[in-house]
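This report refers to the structure that appears directly beneath it.
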Amino acid sequence: GAPSATAAAFPPAASPPPASPSAADPPSAAAPGAGDNPSLSGHGRSEVGSVPSARCTTVGLVGHPNVGKTSLLNALVGRKVASVSHTPGHTKHLQSWQLTPEFEVVDCPGLVFPVGGELIAGSNVAPRHVFEICGLYPIAQVREPYSGVRLLGSSLDLRRLYGLSPRDIDEADEEEEHLSPLGFCTALAAKRGYRMAKGRGAPDPHRAGLEILTDAADGVLCLAFDPPRV
C-alpha cells in the first residue's frame, strides 16, 4: 500500500496540461544496447539451435525499464549473454535465446505507459516526473528535479529523512512554513557541502535534487502506490 499521506511538505503546484502518450516516453539512453552482441541482435539465436521448431514454446519478458528483464535472461541461460546497465533504456532491440529446442526466451526493451501523478497522495504532476522518481527515466538527463522532489514531499517527510533542522532551513534563507522544493534542495546542498564554482560558490540545489531522485529510484526512499480502483 502507499505510505500514509502527511501534511504537504511543499506548497501545491499548478496543475500541468495533460500529457499525450508520446510525450511520456523517456528518451533512449546514450549507452550502447544489446545490439552490441551479434548473437542477440534482433532475433539472434544461440548455438543451441538456429531456428525454433514448430513445437517450441516462447516466453517473453515484458515490463518497465530497469527492472531486471535482461538480468533474468542471463540468469536463465546461466551466464552473461546480453549486456545490462543500471541506466533505463539500455536494451533497444528484441533479443532471444533458445534454451532448448522446445523452449525459447525473448527479452524486449522496457515499455513505459502514461500515468498520472495523482497516483501518489493526490498530487497532480506530469507523468514524466513520476517516471523520474520510479527510475524509468535516466536521472542524468533530468534538467529540472524540483517537480519530482515536490511529488516525493507530498507523501514522505523529506525533512526528517534527510535530517534537515530548522537551522539548516534558516541558513538557506528559507522559511520553514513556506519551504519550496528549490529551498529544500538548497538547504540540503548547503548541509552536504554541494557548491557551485568548484566548491567555492553558492549551494548547488540541482545536485541535491538529483541525489533525492536517485535515492527514490534506488529504493533508499520507500515509495509505494495504491493499486488502481477497478
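In the C-alpha cells, the first chain shown is A, the next is B, and so on; residue numbers restart at 1 for each chain, and ligands run from 1 in the order shown.
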From range 113-188 of chain A, collect each residue whose DSSP state is alpha helix (DSSP H) and return the set as a compact mmCIF listing (two decimals) with N, CA and C atoms, in the first residue's frame.
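Output file out02.txt follows:
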```txt
# COMPACT_ATOMS: atom_id res chain seq x y z
N PRO A 127 3.32 13.11 -16.07
CA PRO A 127 3.81 11.73 -15.96
C PRO A 127 5.32 11.61 -15.92
N ARG A 128 6.01 12.51 -16.59
CA ARG A 128 7.47 12.41 -16.64
C ARG A 128 8.08 12.42 -15.25
N HIS A 129 7.53 13.21 -14.35
CA HIS A 129 8.10 13.30 -13.00
C HIS A 129 7.84 12.02 -12.21
N VAL A 130 6.74 11.33 -12.51
CA VAL A 130 6.50 10.02 -11.89
C VAL A 130 7.55 9.04 -12.38
N PHE A 131 7.87 9.09 -13.68
CA PHE A 131 8.89 8.20 -14.23
C PHE A 131 10.25 8.46 -13.58
N GLU A 132 10.55 9.74 -13.31
CA GLU A 132 11.85 10.08 -12.73
C GLU A 132 12.03 9.45 -11.36
N ILE A 133 11.03 9.55 -10.50
CA ILE A 133 11.20 9.03 -9.15
C ILE A 133 11.08 7.51 -9.11
N TYR A 146 13.05 19.54 -9.35
CA TYR A 146 12.26 20.05 -8.22
C TYR A 146 10.81 19.58 -8.26
N SER A 147 10.27 19.31 -9.46
CA SER A 147 8.90 18.79 -9.53
C SER A 147 8.85 17.38 -8.96
N GLY A 148 9.87 16.57 -9.26
CA GLY A 148 9.92 15.24 -8.67
C GLY A 148 10.10 15.30 -7.16
N VAL A 149 10.89 16.25 -6.67
CA VAL A 149 11.07 16.42 -5.23
C VAL A 149 9.75 16.84 -4.59
N ARG A 150 9.00 17.72 -5.26
CA ARG A 150 7.68 18.11 -4.75
C ARG A 150 6.76 16.91 -4.63
N LEU A 151 6.79 16.06 -5.64
CA LEU A 151 5.95 14.86 -5.63
C LEU A 151 6.32 13.93 -4.48
N LEU A 152 7.61 13.74 -4.25
CA LEU A 152 8.04 12.92 -3.13
C LEU A 152 7.66 13.55 -1.79
N GLY A 153 7.79 14.87 -1.71
CA GLY A 153 7.48 15.56 -0.47
C GLY A 153 6.01 15.53 -0.11
N LEU A 158 10.39 14.41 3.95
CA LEU A 158 11.77 14.54 3.47
C LEU A 158 12.66 15.26 4.47
N ARG A 159 12.11 16.20 5.21
CA ARG A 159 12.94 16.91 6.19
C ARG A 159 13.49 15.95 7.23
N ARG A 160 12.65 15.05 7.71
CA ARG A 160 13.11 14.08 8.71
C ARG A 160 14.05 13.06 8.08
N LEU A 161 13.73 12.58 6.88
CA LEU A 161 14.54 11.55 6.24
C LEU A 161 15.94 12.06 5.92
N PRO A 166 15.59 23.05 11.61
CA PRO A 166 15.16 24.44 11.34
C PRO A 166 16.34 25.37 11.08
N ARG A 167 17.47 25.10 11.72
CA ARG A 167 18.65 25.94 11.49
C ARG A 167 19.17 25.78 10.07
N ASP A 168 19.16 24.53 9.56
CA ASP A 168 19.61 24.31 8.18
C ASP A 168 18.74 25.08 7.20
N ILE A 169 17.42 25.07 7.44
CA ILE A 169 16.50 25.76 6.55
C ILE A 169 16.68 27.27 6.66
N ASP A 170 16.91 27.76 7.88
CA ASP A 170 17.10 29.19 8.08
C ASP A 170 18.38 29.67 7.42
N GLU A 171 19.43 28.87 7.49
CA GLU A 171 20.70 29.26 6.88
C GLU A 171 20.60 29.31 5.37
N PRO A 181 10.32 23.22 -2.89
CA PRO A 181 11.28 22.18 -3.29
C PRO A 181 12.67 22.74 -3.58
N LEU A 182 12.72 23.91 -4.24
CA LEU A 182 14.00 24.54 -4.50
C LEU A 182 14.69 24.92 -3.20
N GLY A 183 13.94 25.48 -2.26
CA GLY A 183 14.52 25.84 -0.97
C GLY A 183 14.99 24.62 -0.20
N PHE A 184 14.23 23.53 -0.27
CA PHE A 184 14.64 22.30 0.41
C PHE A 184 15.96 21.80 -0.18
N CYS A 185 16.05 21.79 -1.50
CA CYS A 185 17.27 21.31 -2.15
C CYS A 185 18.45 22.24 -1.86
N THR A 186 18.18 23.54 -1.75
CA THR A 186 19.24 24.48 -1.41
C THR A 186 19.76 24.22 -0.01
N ALA A 187 18.85 23.99 0.94
CA ALA A 187 19.25 23.71 2.32
C ALA A 187 20.02 22.39 2.40
N LEU A 188 19.56 21.38 1.64
CA LEU A 188 20.25 20.09 1.65
C LEU A 188 21.65 20.22 1.04
```
Hey, what's within 9 Å of Val77 in chain A if we count only C-alpha atoms and toss same-chain stuff fewer than 6 positions away? As a list in words, please?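 What passes the distance filter is Trp97, Gln98 and Leu99 of chain A.
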One decimal, Å: what's the distance from CA of Pro205 in chain A over to CA of His86 in chain A, could you say? 24.1 Å
Given only C-alpha atoms as the basis, pick out the residue of A:Pro138, A:Pro65, A:Arg200, A:Arg192 nearest to Gly163 in chain A.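 Answer, going by the shortest atom-to-atom distance: A:Arg192.
You can rank A:Lys92, A:Leu72, A:Cys222, A:Tyr194 by their closest distance to Leu156 in chain A using only C-alpha atoms, and at the top of that list sits A:Cys222.
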May I have the residues within 12 Å of Gly110 in chain A as a PyMOL selection string, using only C-alpha atoms and disregarding those fewer than 6 positions away in the same chain? chain A and resi 25-29+61-70+87-94+135-137
Atomic separation - CA of Met196 in chain A relative to CA of Thr214 in chain A, Å: 19.7 Å
Go through A:Thr100, A:Thr57, A:Ser155, A:Ser71 and flag the residue nearest Val84 in chain A, using only C-alpha atoms for the distances.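 Smallest distance to Val84 in chain A is found for A:Ser71.
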Among the residues of range 73-155 of chain A, find those DSSP assigns to strand (DSSP E) from the backbone and print them as a PDB file with C-alpha atoms, in the first residue's frame.
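Now in out-v8.pdb:
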```
ATOM      1  CA  GLN A  95      16.787 -10.375 -28.119  1.00  0.00           C
ATOM      2  CA  SER A  96      16.093 -14.078 -27.798  1.00  0.00           C
ATOM      3  CA  TRP A  97      17.850 -17.149 -26.514  1.00  0.00           C
ATOM      4  CA  GLN A  98      16.820 -20.723 -27.225  1.00  0.00           C
ATOM      5  CA  LEU A  99      17.469 -22.690 -24.043  1.00  0.00           C
ATOM      6  CA  THR A 100      16.391 -25.992 -25.564  1.00  0.00           C
ATOM      7  CA  PHE A 103      11.928 -23.580 -25.129  1.00  0.00           C
ATOM      8  CA  GLU A 104      12.917 -20.021 -26.081  1.00  0.00           C
ATOM      9  CA  VAL A 105      13.124 -16.805 -24.011  1.00  0.00           C
ATOM     10  CA  VAL A 106      12.630 -13.389 -25.645  1.00  0.00           C
ATOM     11  CA  ASP A 107      13.690 -10.176 -23.904  1.00  0.00           C
TER      12      ASP A 107
END
```
Take CA of Glu175 in chain A and CA of Leu223 in chain A and report the distance between them in Å, one decimal.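 Between these atoms lies a distance of 26.5 Å.
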